[in-house]
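Below is one structure, written out as structure tokens; the observations come after it.
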Amino acid sequence: ETVSFDIDVTAVPDAPVLSLPTAQQTSESTNLVLSSGNLNAIGITDADDTPNVALRASLSVTHGTLAMAASSSWDPSPASGVDSLTDDLVLMSHLQTALNNGLTFTPTQPYAGAAVLTIVVSEVVDEALNDTKQLN
């Protein structure tokens, strides 16, 4: 005798995933622009393929300041000249577009040495779905 039955497999949310360029370098008096045009953009994807998923995003840097490109689709507060950019509600597609357009690191003068950019993203509906990466 053969018996068959249906099995319902439900989807579970997946965490957003950050991708970073290789280690970057700049001189103490030169800004570093991370962007798709420079082939060193920070990437973000979601296995759920949901570009409008709401995220919390935080970018921070040591020994310098950050600024988003003026044409950015993401408007953290404040948007430039600080060591940390944070937003409690940003659509993933807007964040990715903003990162593609350009994130500028301005080194602190006259510092020379290692600086670290830390990025944390998490889904608003489930903070356990997160990713954290550091670019040295």
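By order in the structure tokens, chains are A, B, ...; within a chain, residues start at 1; ligands start at 1, following the order shown.
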Problem set entry | Polymer residues at most 10 Å from region 29-45 of chain A, only C-alpha atoms, same-chain spacing of 5 or more positions, as JSON, numbers by chain | {"A": [15, 16, 17, 18, 19, 20, 21, 22, 23, 24, 50, 51, 64, 65, 66, 67, 68, 69, 92, 93, 95, 96, 97, 98, 99, 100, 101, 102, 103, 104, 105, 106, 107, 108, 109, 110, 111, 112, 119, 121, 131, 135]}
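Nearest residue to Val12 (chain A) among A:Leu129, A:Thr62, A:His94, A:Ser122 is A:Leu129, counting only C-alpha atoms.
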Problem set entry | Neighbour list for region 53-55 of chain A as a count of residues only, cut-off 8 Å, only C-alpha atoms, skip fewer than 5 positions in-chain | 10
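The shortest atom-to-atom distance to Asp48 (chain A), with only C-alpha atoms taken into account, belongs to A:Asp14 out of A:Asp14, A:Asp87, A:Asp6, A:Asp126.
Here CA of Asn52 (chain A) and CA of Gln134 (chain A) stand 24.4 Å from one another.
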Exercise. So, counting only C-alpha atoms, which residue among A:Ala128, A:Lys133, A:Ala11, A:Gly113 is closest to Ser27 (chain A)?
Worked result: A:Gly113
For this session: Using DSSP on the backbone, list every residue of chain A that comes out as strand (DSSP E or B), and give them as a ChimeraX atom specification.
Result: /A:16-19,32-34,43-46,54-61,64-68,80-82,84-91,103-107,117-123,130-135
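Each of A:Val9, A:Val82, A:Leu59, A:Ala47 was compared to Thr132 (chain A) using only C-alpha atoms, and A:Leu59 turns out to be the nearest.
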Exercise. In Å, how far is it from CA of Ser60 (chain A) to CA of Glu28 (chain A)?
Worked result: 18.3 Å
